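Quick notes on the structure that follows.
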Amino acid sequence: MLSSVRLLFFLVVLLPLSPVFLLGAVAYIIRLKLYNQPKGISGTAYEPFLTRVMAHVVGGREDEIAYRLAPMLPALTPLTLQLLVWPLALASRLARYKPVLFCGPVTRPATVMMMMALRNQFYDQVLREVAANVDQVVILGAGWDTRAYEELNNGDVHIFEVDTPATQLAKIAALQKAGIESSHVTFVETDFNQVSWVDALQKHGFEPALRTLVLWEGVTMYLPEDAVRSTLTAVAELGPGSLIAFDYFAREFVEGDGGFKFVAPYMKLSIDLTYGERFIFGIPLRSDGSAAVAALLESCGLTLERFEMVGRQGSMTAFYGFAVGERM
C-alpha cells in the first residue's frame, strides 16, 4: 500500500515537470542528428547508458562514472543532461520512490517495461560472478559502457574495449574531458562486419589462449547472422573456460511475425529514424527459447551456461533474451 502511494505521489510530482524533460529530449535529438550521426558515432549506445544514468540519479544503481561521463558525450551537454534527469531525480526524492523501470527489482516473467533494468542486472551479475576467475575481459561494441571504470578498475585482469573508430574516439575524448582514469583499459578499433576482432585484439596484447570473458551488450540485433556466428565461433577458439555474455531480440519480433505484426514495424521504424540503425538478427524465442539459443551456441562450439528472457516461453510475450555461452 505504501509503495502504491509513493508511486502516485511520484507521478503527481513528475507530471508538471514533464515539459522540462521534453525540452531536454528535443535538445538531445537535435544534437544526435546534427552532430552525433554525421560523424558515424553510435546512437543506440545512448539508450542503455541513459538508463544507467537515470538509475543512478534515483538511487537504484550506483554509477557515478556514467553520470560524470554523460555531459561530455557528443549528443549531450551539461544542460541537456540536467533537463533529462532533474525532473526524475526531484520526483523520486520527494516521493521517496525508485522507479522500477530503471532499477528493478525485476520479477519473473519480466515484462517489456523491465527490459533495461533486467539487462543491467544480467550483465552486472555475470561480471560479479565471473570476472575474478578470468585473465582477460573484452567488452565488444563497448559504446558508453562504464563497467571498465567501476567493477573492473582494480588491475586484476587485462581489459579491452572494442568498438568502431568514430564511437571509440568520441568515448576516449569524453573520458578525458570528464577526468576519468582509463589507463588500465586497452582500446581497440574494429568493425564487426569487416575485421576479425580477435585479430585486432592480438595486435594490442590480447592472448587468445587465456580464459576470457566477453561482454557483448546491445550489438547482435544490428548484425547479420554470419557476423553473429563468427563472433561466437571466435570465442569457442579462445582459452578453456572462456565465456561470452550477449543479448538478442526474438526473431519473431525482428521479422514482425504473429502478434508482433503491427507493433514491430513501428518500433523498428522509430529506432531507424532516431538513430539510423536497423534490427537485423534475432533468435526464435516463442516456442522454446532456451533450446534455440543452446542450438545456436552448440553449432558455434559453445554450450549454454545461462539463459534469461523478457516474457514467457511459449507465449506472445517472448520478446528479448540474454545468454552466456561457454567454450566446450
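By order of appearance in the C-alpha cells: chains A, B, ..., then residues from 1 within every chain, and ligands from 1 in the order shown.
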Which stretch 33-107 of chain A residues have any atom within 10 Å of an atom of stretch 256-279 of chain A, and for each, what is the nearest pair of atoms with distance in Å to one decimal, counting only C-alpha atoms, rows sorted by chain and number, as a Markdown table?
| residue | atom | partner | partner_atom | distance |
| --- | --- | --- | --- | --- |
| A:Lys33 | CA | A:Thr274 | CA | 7.9 |
| A:Asn36 | CA | A:Tyr275 | CA | 9.4 |
| A:Gln37 | CA | A:Tyr275 | CA | 7.4 |
| A:Gly40 | CA | A:Gly276 | CA | 9.9 |
| A:Ile41 | CA | A:Tyr275 | CA | 9.8 |
| A:Ser42 | CA | A:Tyr275 | CA | 7.7 |
| A:Gly43 | CA | A:Tyr275 | CA | 5.0 |
| A:Thr44 | CA | A:Tyr275 | CA | 6.1 |
| A:Ala45 | CA | A:Tyr275 | CA | 9.5 |
| A:Tyr46 | CA | A:Tyr275 | CA | 9.7 |
Would you mind listing what lies within 8 Å of A:Glu189 as a PDB file with N, CA and C atoms, in the first residue's frame, with only C-alpha atoms counted and same-chain residues fewer than 6 positions away left out?
ATOM      1  N   VAL A 162      36.404  -2.779 -27.331  1.00  0.00           N
ATOM      2  CA  VAL A 162      36.427  -2.860 -28.786  1.00  0.00           C
ATOM      3  C   VAL A 162      35.221  -2.125 -29.349  1.00  0.00           C
ATOM      4  N   ASP A 163      35.448  -1.245 -30.316  1.00  0.00           N
ATOM      5  CA  ASP A 163      34.339  -0.537 -30.954  1.00  0.00           C
ATOM      6  C   ASP A 163      34.806   0.051 -32.272  1.00  0.00           C
ATOM      7  N   THR A 164      33.869   0.615 -33.018  1.00  0.00           N
ATOM      8  CA  THR A 164      34.208   1.265 -34.278  1.00  0.00           C
ATOM      9  C   THR A 164      35.011   2.530 -33.988  1.00  0.00           C
ATOM     10  N   PRO A 165      35.834   2.973 -34.923  1.00  0.00           N
ATOM     11  CA  PRO A 165      36.721   4.117 -34.670  1.00  0.00           C
ATOM     12  C   PRO A 165      36.010   5.380 -34.212  1.00  0.00           C
ATOM     13  N   GLN A 168      34.574   5.000 -30.610  1.00  0.00           N
ATOM     14  CA  GLN A 168      35.626   4.866 -29.609  1.00  0.00           C
ATOM     15  C   GLN A 168      36.392   6.169 -29.390  1.00  0.00           C
ATOM     16  N   ALA A 200      42.314  -8.032 -34.393  1.00  0.00           N
ATOM     17  CA  ALA A 200      42.569  -6.656 -33.970  1.00  0.00           C
ATOM     18  C   ALA A 200      43.081  -6.623 -32.529  1.00  0.00           C
TER      19      ALA A 200
END
- prompt: From the set A:Ala66, A:Ala227, A:Val26, A:Met328, which residue has the shortest atom-to-atom contact distance to A:Glu150, counting only C-alpha atoms?
  reply: A:Ala66
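Here the question is which of A:Thr111, A:Gln136, A:Thr186, A:Ser299 gets nearest to A:Arg312 using only C-alpha atoms, and that residue is A:Thr111.
Straight-line separation from atom CA of A:Val198 to atom CA of A:Asp135: 15.5 Å.
Counting only C-alpha atoms, A:Ser230 has the following residues at most 9 Å away, ignoring those fewer than 5 positions along the same chain: Ser196, Glu225, Val235 and Cys300 of chain A.
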May I have the selected residues written with C-alpha atoms, as a PDB file, in the first residue's frame?
ATOM      1  CA  SER A 196      38.196 -10.065 -37.068  1.00  0.00           C
ATOM      2  CA  GLU A 225      23.669 -13.726 -38.744  1.00  0.00           C
ATOM      3  CA  VAL A 235      35.013 -17.237 -28.519  1.00  0.00           C
ATOM      4  CA  CYS A 300      29.398 -22.443 -32.920  1.00  0.00           C
TER       5      CYS A 300
END
Need the shell around A:Met309: protein/DNA/RNA residues with any atom at most 7 Å away, counting only C-alpha atoms. Skip same-chain ones fewer than 3 positions apart. Format as a short mmCIF file (atom, residue, chain, number, x, y, z; two decimals) with C-alpha atoms, in the first residue's frame?
data_model
loop_
_atom_site.label_atom_id
_atom_site.label_comp_id
_atom_site.auth_asym_id
_atom_site.auth_seq_id
_atom_site.Cartn_x
_atom_site.Cartn_y
_atom_site.Cartn_z
CA TYR A 320 14.07 -10.34 -25.79
CA GLY A 321 16.70 -12.59 -24.27
CA PHE A 322 20.12 -12.89 -22.64
#
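Shortest separation to A:Arg52 among A:Arg147, A:Lys39, A:Arg31, A:Arg128 occurs at residue A:Arg147, atoms counted being only C-alpha atoms.
Checking A:Arg306, A:Arg96, A:Lys203, A:Arg211 one by one against A:Gly59, counting only C-alpha atoms, you find the shortest gap at A:Arg96.
Candidate residues A:Met316, A:Ile159, A:Cys103, A:Val137 were compared for distance to A:Ser182, and the nearest is A:Ile159, using only C-alpha atoms.
For the set A:Tyr149, A:Phe206, A:Tyr222, A:Phe319, the residue with the smallest atom-to-atom gap to A:Arg251 is A:Phe319, counting only C-alpha atoms.
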Please extract the residues of stretch 94-305 of chain A with a backbone DSSP assignment of strand (DSSP E) and present them as a PDB file with N, CA and C atoms, in the first residue's frame.
ATOM      1  N   GLN A 136      41.272 -12.147 -18.820  1.00  0.00           N
ATOM      2  CA  GLN A 136      41.015 -11.017 -19.696  1.00  0.00           C
ATOM      3  C   GLN A 136      39.516 -10.765 -19.786  1.00  0.00           C
ATOM      4  N   VAL A 137      39.149  -9.504 -19.913  1.00  0.00           N
ATOM      5  CA  VAL A 137      37.760  -9.129 -20.170  1.00  0.00           C
ATOM      6  C   VAL A 137      37.735  -8.289 -21.434  1.00  0.00           C
ATOM      7  N   VAL A 138      36.906  -8.699 -22.376  1.00  0.00           N
ATOM      8  CA  VAL A 138      36.742  -7.960 -23.627  1.00  0.00           C
ATOM      9  C   VAL A 138      35.315  -7.428 -23.679  1.00  0.00           C
ATOM     10  N   ILE A 139      35.178  -6.116 -23.847  1.00  0.00           N
ATOM     11  CA  ILE A 139      33.860  -5.507 -23.992  1.00  0.00           C
ATOM     12  C   ILE A 139      33.695  -5.161 -25.462  1.00  0.00           C
ATOM     13  N   LEU A 140      32.923  -5.984 -26.162  1.00  0.00           N
ATOM     14  CA  LEU A 140      32.722  -5.820 -27.605  1.00  0.00           C
ATOM     15  C   LEU A 140      31.598  -4.814 -27.866  1.00  0.00           C
ATOM     16  N   HIS A 158      43.241  -7.993 -17.508  1.00  0.00           N
ATOM     17  CA  HIS A 158      43.521  -7.115 -18.638  1.00  0.00           C
ATOM     18  C   HIS A 158      42.194  -6.805 -19.320  1.00  0.00           C
ATOM     19  N   ILE A 159      41.879  -5.532 -19.478  1.00  0.00           N
ATOM     20  CA  ILE A 159      40.595  -5.109 -20.022  1.00  0.00           C
ATOM     21  C   ILE A 159      40.776  -4.505 -21.403  1.00  0.00           C
ATOM     22  N   PHE A 160      39.936  -4.978 -22.339  1.00  0.00           N
ATOM     23  CA  PHE A 160      39.940  -4.450 -23.698  1.00  0.00           C
ATOM     24  C   PHE A 160      38.548  -3.916 -24.032  1.00  0.00           C
ATOM     25  N   GLU A 161      38.487  -2.738 -24.588  1.00  0.00           N
ATOM     26  CA  GLU A 161      37.232  -2.215 -25.128  1.00  0.00           C
ATOM     27  C   GLU A 161      37.362  -2.165 -26.646  1.00  0.00           C
ATOM     28  N   VAL A 162      36.404  -2.779 -27.331  1.00  0.00           N
ATOM     29  CA  VAL A 162      36.427  -2.860 -28.786  1.00  0.00           C
ATOM     30  C   VAL A 162      35.221  -2.125 -29.349  1.00  0.00           C
ATOM     31  N   ASP A 163      35.448  -1.245 -30.316  1.00  0.00           N
ATOM     32  CA  ASP A 163      34.339  -0.537 -30.954  1.00  0.00           C
ATOM     33  C   ASP A 163      34.806   0.051 -32.272  1.00  0.00           C
ATOM     34  N   VAL A 185      42.726   0.464 -19.365  1.00  0.00           N
ATOM     35  CA  VAL A 185      41.921  -0.100 -20.450  1.00  0.00           C
ATOM     36  C   VAL A 185      42.682   0.002 -21.764  1.00  0.00           C
ATOM     37  N   THR A 186      42.657  -1.072 -22.542  1.00  0.00           N
ATOM     38  CA  THR A 186      43.248  -1.063 -23.880  1.00  0.00           C
ATOM     39  C   THR A 186      42.126  -0.879 -24.892  1.00  0.00           C
ATOM     40  N   PHE A 187      42.169   0.201 -25.645  1.00  0.00           N
ATOM     41  CA  PHE A 187      41.140   0.500 -26.635  1.00  0.00           C
ATOM     42  C   PHE A 187      41.555  -0.062 -27.992  1.00  0.00           C
ATOM     43  N   VAL A 188      40.633  -0.788 -28.622  1.00  0.00           N
ATOM     44  CA  VAL A 188      40.911  -1.437 -29.901  1.00  0.00           C
ATOM     45  C   VAL A 188      39.798  -1.093 -30.889  1.00  0.00           C
ATOM     46  N   GLU A 189      40.183  -0.584 -32.053  1.00  0.00           N
ATOM     47  CA  GLU A 189      39.222  -0.231 -33.090  1.00  0.00           C
ATOM     48  C   GLU A 189      38.999  -1.402 -34.039  1.00  0.00           C
ATOM     49  N   THR A 212      38.940 -16.024 -21.049  1.00  0.00           N
ATOM     50  CA  THR A 212      38.456 -14.676 -21.341  1.00  0.00           C
ATOM     51  C   THR A 212      36.950 -14.566 -21.139  1.00  0.00           C
ATOM     52  N   LEU A 213      36.509 -13.446 -20.588  1.00  0.00           N
ATOM     53  CA  LEU A 213      35.084 -13.119 -20.520  1.00  0.00           C
ATOM     54  C   LEU A 213      34.813 -12.036 -21.548  1.00  0.00           C
ATOM     55  N   VAL A 214      33.859 -12.298 -22.430  1.00  0.00           N
ATOM     56  CA  VAL A 214      33.466 -11.332 -23.446  1.00  0.00           C
ATOM     57  C   VAL A 214      32.066 -10.815 -23.112  1.00  0.00           C
ATOM     58  N   LEU A 215      31.944  -9.499 -22.951  1.00  0.00           N
ATOM     59  CA  LEU A 215      30.642  -8.865 -22.766  1.00  0.00           C
ATOM     60  C   LEU A 215      30.239  -8.263 -24.103  1.00  0.00           C
ATOM     61  N   TRP A 216      29.095  -8.688 -24.612  1.00  0.00           N
ATOM     62  CA  TRP A 216      28.638  -8.277 -25.944  1.00  0.00           C
ATOM     63  C   TRP A 216      27.223  -7.742 -25.807  1.00  0.00           C
ATOM     64  N   LEU A 243      34.064 -17.378 -21.843  1.00  0.00           N
ATOM     65  CA  LEU A 243      32.618 -17.189 -21.903  1.00  0.00           C
ATOM     66  C   LEU A 243      32.278 -15.924 -22.673  1.00  0.00           C
ATOM     67  N   ILE A 244      31.052 -15.888 -23.200  1.00  0.00           N
ATOM     68  CA  ILE A 244      30.525 -14.684 -23.819  1.00  0.00           C
ATOM     69  C   ILE A 244      29.101 -14.462 -23.326  1.00  0.00           C
ATOM     70  N   ALA A 245      28.845 -13.248 -22.841  1.00  0.00           N
ATOM     71  CA  ALA A 245      27.502 -12.855 -22.409  1.00  0.00           C
ATOM     72  C   ALA A 245      26.948 -11.908 -23.464  1.00  0.00           C
ATOM     73  N   PHE A 246      25.733 -12.183 -23.942  1.00  0.00           N
ATOM     74  CA  PHE A 246      25.167 -11.375 -25.007  1.00  0.00           C
ATOM     75  C   PHE A 246      23.646 -11.330 -24.905  1.00  0.00           C
ATOM     76  N   ASP A 247      23.046 -10.400 -25.620  1.00  0.00           N
ATOM     77  CA  ASP A 247      21.598 -10.268 -25.643  1.00  0.00           C
ATOM     78  C   ASP A 247      21.129 -10.233 -27.087  1.00  0.00           C
ATOM     79  N   TYR A 248      19.830 -10.428 -27.287  1.00  0.00           N
ATOM     80  CA  TYR A 248      19.294 -10.586 -28.634  1.00  0.00           C
ATOM     81  C   TYR A 248      17.776 -10.401 -28.592  1.00  0.00           C
ATOM     82  N   PHE A 249      17.215  -9.995 -29.702  1.00  0.00           N
ATOM     83  CA  PHE A 249      15.763  -9.923 -29.825  1.00  0.00           C
ATOM     84  C   PHE A 249      15.220 -11.269 -30.292  1.00  0.00           C
ATOM     85  N   ALA A 250      13.935 -11.471 -30.069  1.00  0.00           N
ATOM     86  CA  ALA A 250      13.254 -12.635 -30.629  1.00  0.00           C
ATOM     87  C   ALA A 250      13.169 -12.463 -32.146  1.00  0.00           C
ATOM     88  N   GLY A 282      17.838 -12.020 -35.029  1.00  0.00           N
ATOM     89  CA  GLY A 282      17.042 -12.445 -33.890  1.00  0.00           C
ATOM     90  C   GLY A 282      17.118 -13.956 -33.734  1.00  0.00           C
ATOM     91  N   ILE A 283      16.739 -14.441 -32.560  1.00  0.00           N
ATOM     92  CA  ILE A 283      16.724 -15.876 -32.268  1.00  0.00           C
ATOM     93  C   ILE A 283      15.289 -16.273 -31.923  1.00  0.00           C
ATOM     94  N   LEU A 302      30.020 -23.700 -28.571  1.00  0.00           N
ATOM     95  CA  LEU A 302      29.816 -23.244 -27.202  1.00  0.00           C
ATOM     96  C   LEU A 302      28.649 -23.993 -26.560  1.00  0.00           C
ATOM     97  N   THR A 303      28.613 -23.977 -25.230  1.00  0.00           N
ATOM     98  CA  THR A 303      27.475 -24.545 -24.516  1.00  0.00           C
ATOM     99  C   THR A 303      26.728 -23.425 -23.797  1.00  0.00           C
ATOM    100  N   LEU A 304      25.438 -23.607 -23.607  1.00  0.00           N
ATOM    101  CA  LEU A 304      24.613 -22.608 -22.917  1.00  0.00           C
ATOM    102  C   LEU A 304      24.844 -22.724 -21.421  1.00  0.00           C
ATOM    103  N   GLU A 305      25.424 -21.689 -20.839  1.00  0.00           N
ATOM    104  CA  GLU A 305      25.721 -21.691 -19.407  1.00  0.00           C
ATOM    105  C   GLU A 305      24.635 -20.967 -18.607  1.00  0.00           C
TER     106      GLU A 305
END
Spatial neighbours of stretch 72-89 of chain A, max dist 7 Å, only C-alpha atoms, sep filter under 4 positions, as a PDB file with N, CA and C atoms, in the first residue's frame:
ATOM      1  N   LEU A  14       5.909  14.369 -11.011  1.00  0.00           N
ATOM      2  CA  LEU A  14       6.587  14.288 -12.302  1.00  0.00           C
ATOM      3  C   LEU A  14       5.795  14.935 -13.432  1.00  0.00           C
ATOM      4  N   LEU A  17       6.417  18.488 -14.314  1.00  0.00           N
ATOM      5  CA  LEU A  17       7.816  18.671 -14.698  1.00  0.00           C
ATOM      6  C   LEU A  17       8.129  18.077 -16.064  1.00  0.00           C
ATOM      7  N   VAL A  20       9.900  19.998 -18.909  1.00  0.00           N
ATOM      8  CA  VAL A  20      11.344  20.164 -18.760  1.00  0.00           C
ATOM      9  C   VAL A  20      12.058  18.981 -19.409  1.00  0.00           C
ATOM     10  N   PHE A  21      11.549  17.777 -19.114  1.00  0.00           N
ATOM     11  CA  PHE A  21      12.129  16.571 -19.712  1.00  0.00           C
ATOM     12  C   PHE A  21      11.997  16.604 -21.228  1.00  0.00           C
ATOM     13  N   LEU A  23      11.851  19.143 -23.178  1.00  0.00           N
ATOM     14  CA  LEU A  23      12.804  20.113 -23.712  1.00  0.00           C
ATOM     15  C   LEU A  23      14.191  19.477 -23.815  1.00  0.00           C
ATOM     16  N   GLY A  24      14.576  18.727 -22.788  1.00  0.00           N
ATOM     17  CA  GLY A  24      15.856  18.033 -22.816  1.00  0.00           C
ATOM     18  C   GLY A  24      15.898  16.974 -23.915  1.00  0.00           C
ATOM     19  N   ALA A  25      14.768  16.275 -24.116  1.00  0.00           N
ATOM     20  CA  ALA A  25      14.706  15.249 -25.150  1.00  0.00           C
ATOM     21  C   ALA A  25      14.865  15.859 -26.536  1.00  0.00           C
ATOM     22  N   ALA A  27      16.436  18.679 -27.248  1.00  0.00           N
ATOM     23  CA  ALA A  27      17.832  19.110 -27.368  1.00  0.00           C
ATOM     24  C   ALA A  27      18.745  17.927 -27.668  1.00  0.00           C
ATOM     25  N   TYR A  28      18.451  16.807 -27.026  1.00  0.00           N
ATOM     26  CA  TYR A  28      19.230  15.586 -27.244  1.00  0.00           C
ATOM     27  C   TYR A  28      19.091  15.100 -28.684  1.00  0.00           C
ATOM     28  N   ARG A  31      21.037  17.349 -31.197  1.00  0.00           N
ATOM     29  CA  ARG A  31      22.481  17.097 -31.209  1.00  0.00           C
ATOM     30  C   ARG A  31      22.789  15.719 -31.791  1.00  0.00           C
ATOM     31  N   LEU A  32      21.903  14.768 -31.543  1.00  0.00           N
ATOM     32  CA  LEU A  32      22.094  13.431 -32.093  1.00  0.00           C
ATOM     33  C   LEU A  32      22.100  13.476 -33.622  1.00  0.00           C
ATOM     34  N   TYR A  35      25.050  16.419 -34.891  1.00  0.00           N
ATOM     35  CA  TYR A  35      26.463  16.266 -34.524  1.00  0.00           C
ATOM     36  C   TYR A  35      26.884  14.810 -34.411  1.00  0.00           C
ATOM     37  N   ASN A  36      26.083  14.004 -33.727  1.00  0.00           N
ATOM     38  CA  ASN A  36      26.455  12.623 -33.452  1.00  0.00           C
ATOM     39  C   ASN A  36      26.455  11.760 -34.723  1.00  0.00           C
ATOM     40  N   MET A  54      19.906   7.310 -15.343  1.00  0.00           N
ATOM     41  CA  MET A  54      18.630   7.513 -14.644  1.00  0.00           C
ATOM     42  C   MET A  54      18.591   6.698 -13.354  1.00  0.00           C
ATOM     43  N   VAL A  57      20.646   8.498 -10.666  1.00  0.00           N
ATOM     44  CA  VAL A  57      20.100   9.711 -10.041  1.00  0.00           C
ATOM     45  C   VAL A  57      18.926   9.416  -9.122  1.00  0.00           C
ATOM     46  N   VAL A  58      18.267   8.258  -9.298  1.00  0.00           N
ATOM     47  CA  VAL A  58      17.172   7.925  -8.382  1.00  0.00           C
ATOM     48  C   VAL A  58      17.639   6.990  -7.272  1.00  0.00           C
ATOM     49  N   ARG A  93      13.041  11.863  -5.318  1.00  0.00           N
ATOM     50  CA  ARG A  93      13.469  12.281  -3.982  1.00  0.00           C
ATOM     51  C   ARG A  93      12.278  12.690  -3.126  1.00  0.00           C
ATOM     52  N   ALA A 174      35.605  11.942 -24.363  1.00  0.00           N
ATOM     53  CA  ALA A 174      34.691  12.229 -23.253  1.00  0.00           C
ATOM     54  C   ALA A 174      35.292  11.818 -21.914  1.00  0.00           C
ATOM     55  N   LYS A 177      37.769  14.500 -20.948  1.00  0.00           N
ATOM     56  CA  LYS A 177      37.102  15.724 -20.514  1.00  0.00           C
ATOM     57  C   LYS A 177      36.524  15.569 -19.110  1.00  0.00           C
ATOM     58  N   ALA A 178      36.028  14.372 -18.824  1.00  0.00           N
ATOM     59  CA  ALA A 178      35.417  14.121 -17.517  1.00  0.00           C
ATOM     60  C   ALA A 178      36.445  13.819 -16.438  1.00  0.00           C
TER      61      ALA A 178
END
- prompt: Which parts of stretch 156-293 of chain A does DSSP call alpha helix (DSSP H) when run on the backbone here, written out as a VMD selection string?
  reply: chain A and resid 165 to 178 197 to 202 225 to 236 251 to 254 263 to 275 289 to 293
Write out the residues from the selection above, keeping N, CA and C atoms, as a compact mmCIF listing (two decimals), in the first residue's frame.
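Written file, selection_4.txt:
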# COMPACT_ATOMS: atom_id res chain seq x y z
N PRO A 165 35.83 2.97 -34.92
CA PRO A 165 36.72 4.12 -34.67
C PRO A 165 36.01 5.38 -34.21
N ALA A 166 34.92 5.77 -34.88
CA ALA A 166 34.25 7.03 -34.55
C ALA A 166 33.70 7.02 -33.13
N THR A 167 33.03 5.92 -32.75
CA THR A 167 32.44 5.82 -31.41
C THR A 167 33.53 5.77 -30.35
N GLN A 168 34.57 5.00 -30.61
CA GLN A 168 35.63 4.87 -29.61
C GLN A 168 36.39 6.17 -29.39
N LEU A 169 36.69 6.87 -30.46
CA LEU A 169 37.38 8.15 -30.32
C LEU A 169 36.54 9.14 -29.54
N ALA A 170 35.22 9.13 -29.78
CA ALA A 170 34.32 10.03 -29.04
C ALA A 170 34.32 9.68 -27.55
N LYS A 171 34.36 8.39 -27.23
CA LYS A 171 34.36 7.98 -25.82
C LYS A 171 35.67 8.36 -25.14
N ILE A 172 36.79 8.12 -25.81
CA ILE A 172 38.09 8.47 -25.22
C ILE A 172 38.15 9.97 -24.93
N ALA A 173 37.66 10.78 -25.87
CA ALA A 173 37.65 12.23 -25.67
C ALA A 173 36.76 12.60 -24.49
N ALA A 174 35.61 11.94 -24.36
CA ALA A 174 34.69 12.23 -23.25
C ALA A 174 35.29 11.82 -21.91
N LEU A 175 35.97 10.68 -21.88
CA LEU A 175 36.63 10.23 -20.65
C LEU A 175 37.68 11.24 -20.20
N GLN A 176 38.43 11.76 -21.15
CA GLN A 176 39.46 12.74 -20.83
C GLN A 176 38.84 14.03 -20.31
N LYS A 177 37.77 14.50 -20.95
CA LYS A 177 37.10 15.72 -20.51
C LYS A 177 36.52 15.57 -19.11
N ALA A 178 36.03 14.37 -18.82
CA ALA A 178 35.42 14.12 -17.52
C ALA A 178 36.45 13.82 -16.44
N TRP A 197 37.71 -9.29 -34.83
CA TRP A 197 38.03 -8.57 -33.60
C TRP A 197 39.15 -9.26 -32.82
N VAL A 198 39.27 -10.57 -32.99
CA VAL A 198 40.36 -11.29 -32.33
C VAL A 198 41.69 -10.87 -32.94
N ASP A 199 41.74 -10.77 -34.26
CA ASP A 199 42.97 -10.32 -34.91
C ASP A 199 43.34 -8.91 -34.48
N ALA A 200 42.31 -8.03 -34.39
CA ALA A 200 42.57 -6.66 -33.97
C ALA A 200 43.08 -6.62 -32.53
N LEU A 201 42.52 -7.47 -31.67
CA LEU A 201 42.94 -7.51 -30.27
C LEU A 201 44.38 -8.01 -30.12
N GLN A 202 44.73 -9.01 -30.92
CA GLN A 202 46.06 -9.59 -30.79
C GLN A 202 47.17 -8.57 -31.09
N GLU A 225 23.46 -12.48 -39.49
CA GLU A 225 23.67 -13.73 -38.74
C GLU A 225 25.09 -14.26 -38.89
N ASP A 226 25.68 -14.11 -40.06
CA ASP A 226 27.05 -14.60 -40.27
C ASP A 226 28.02 -13.92 -39.31
N ALA A 227 27.84 -12.63 -39.08
CA ALA A 227 28.73 -11.90 -38.18
C ALA A 227 28.53 -12.36 -36.74
N VAL A 228 27.28 -12.65 -36.36
CA VAL A 228 26.99 -13.15 -35.01
C VAL A 228 27.66 -14.50 -34.81
N ARG A 229 27.47 -15.39 -35.78
CA ARG A 229 28.07 -16.73 -35.69
C ARG A 229 29.59 -16.66 -35.66
N SER A 230 30.15 -15.76 -36.44
CA SER A 230 31.60 -15.61 -36.48
C SER A 230 32.15 -15.22 -35.12
N THR A 231 31.46 -14.31 -34.44
CA THR A 231 31.91 -13.88 -33.12
C THR A 231 31.80 -15.01 -32.10
N LEU A 232 30.69 -15.74 -32.12
CA LEU A 232 30.51 -16.85 -31.19
C LEU A 232 31.56 -17.94 -31.44
N THR A 233 31.84 -18.22 -32.70
CA THR A 233 32.85 -19.22 -33.04
C THR A 233 34.23 -18.78 -32.58
N ALA A 234 34.51 -17.48 -32.69
CA ALA A 234 35.80 -16.96 -32.24
C ALA A 234 35.99 -17.17 -30.75
N VAL A 235 34.92 -17.01 -29.97
CA VAL A 235 35.01 -17.24 -28.52
C VAL A 235 35.27 -18.71 -28.23
N ALA A 236 34.69 -19.59 -29.05
CA ALA A 236 34.89 -21.03 -28.87
C ALA A 236 36.33 -21.44 -29.13
N ARG A 251 13.44 -13.52 -32.88
CA ARG A 251 13.33 -13.46 -34.34
C ARG A 251 11.90 -13.10 -34.74
N GLU A 252 10.93 -13.57 -33.96
CA GLU A 252 9.53 -13.26 -34.27
C GLU A 252 9.30 -11.75 -34.27
N PHE A 253 9.99 -11.06 -33.34
CA PHE A 253 9.85 -9.60 -33.29
C PHE A 253 10.57 -8.95 -34.47
N VAL A 254 11.80 -9.36 -34.74
CA VAL A 254 12.59 -8.77 -35.82
C VAL A 254 11.87 -8.91 -37.15
N VAL A 263 3.09 -4.22 -34.15
CA VAL A 263 3.93 -3.46 -33.23
C VAL A 263 5.36 -3.31 -33.73
N ALA A 264 5.94 -4.40 -34.21
CA ALA A 264 7.35 -4.41 -34.59
C ALA A 264 7.72 -3.35 -35.64
N PRO A 265 6.92 -3.17 -36.71
CA PRO A 265 7.32 -2.17 -37.72
C PRO A 265 7.46 -0.76 -37.16
N TYR A 266 6.58 -0.40 -36.22
CA TYR A 266 6.64 0.94 -35.63
C TYR A 266 7.85 1.09 -34.71
N MET A 267 8.14 0.05 -33.94
CA MET A 267 9.30 0.11 -33.05
C MET A 267 10.59 0.17 -33.86
N LYS A 268 10.67 -0.65 -34.91
CA LYS A 268 11.88 -0.65 -35.74
C LYS A 268 12.04 0.66 -36.49
N LEU A 269 10.91 1.21 -36.94
CA LEU A 269 10.97 2.49 -37.65
C LEU A 269 11.44 3.60 -36.71
N SER A 270 10.98 3.59 -35.46
CA SER A 270 11.39 4.63 -34.51
C SER A 270 12.88 4.58 -34.24
N ILE A 271 13.45 3.37 -34.13
CA ILE A 271 14.89 3.22 -33.94
C ILE A 271 15.65 3.71 -35.17
N ASP A 272 15.13 3.35 -36.34
CA ASP A 272 15.79 3.75 -37.60
C ASP A 272 15.77 5.26 -37.75
N LEU A 273 14.61 5.88 -37.49
CA LEU A 273 14.50 7.33 -37.65
C LEU A 273 15.32 8.09 -36.61
N THR A 274 15.35 7.56 -35.38
CA THR A 274 16.05 8.25 -34.30
C THR A 274 17.56 8.06 -34.40
N TYR A 275 17.99 6.82 -34.61
CA TYR A 275 19.41 6.51 -34.54
C TYR A 275 20.05 6.11 -35.87
N GLY A 289 12.74 -20.92 -26.31
CA GLY A 289 13.85 -20.01 -26.47
C GLY A 289 15.17 -20.58 -26.02
N SER A 290 15.19 -21.24 -24.86
CA SER A 290 16.45 -21.77 -24.34
C SER A 290 17.03 -22.83 -25.27
N ALA A 291 16.16 -23.66 -25.87
CA ALA A 291 16.62 -24.68 -26.80
C ALA A 291 17.18 -24.05 -28.07
N ALA A 292 16.55 -22.99 -28.55
CA ALA A 292 17.01 -22.31 -29.76
C ALA A 292 18.37 -21.65 -29.53
N VAL A 293 18.54 -21.03 -28.37
CA VAL A 293 19.82 -20.39 -28.05
C VAL A 293 20.90 -21.45 -27.88
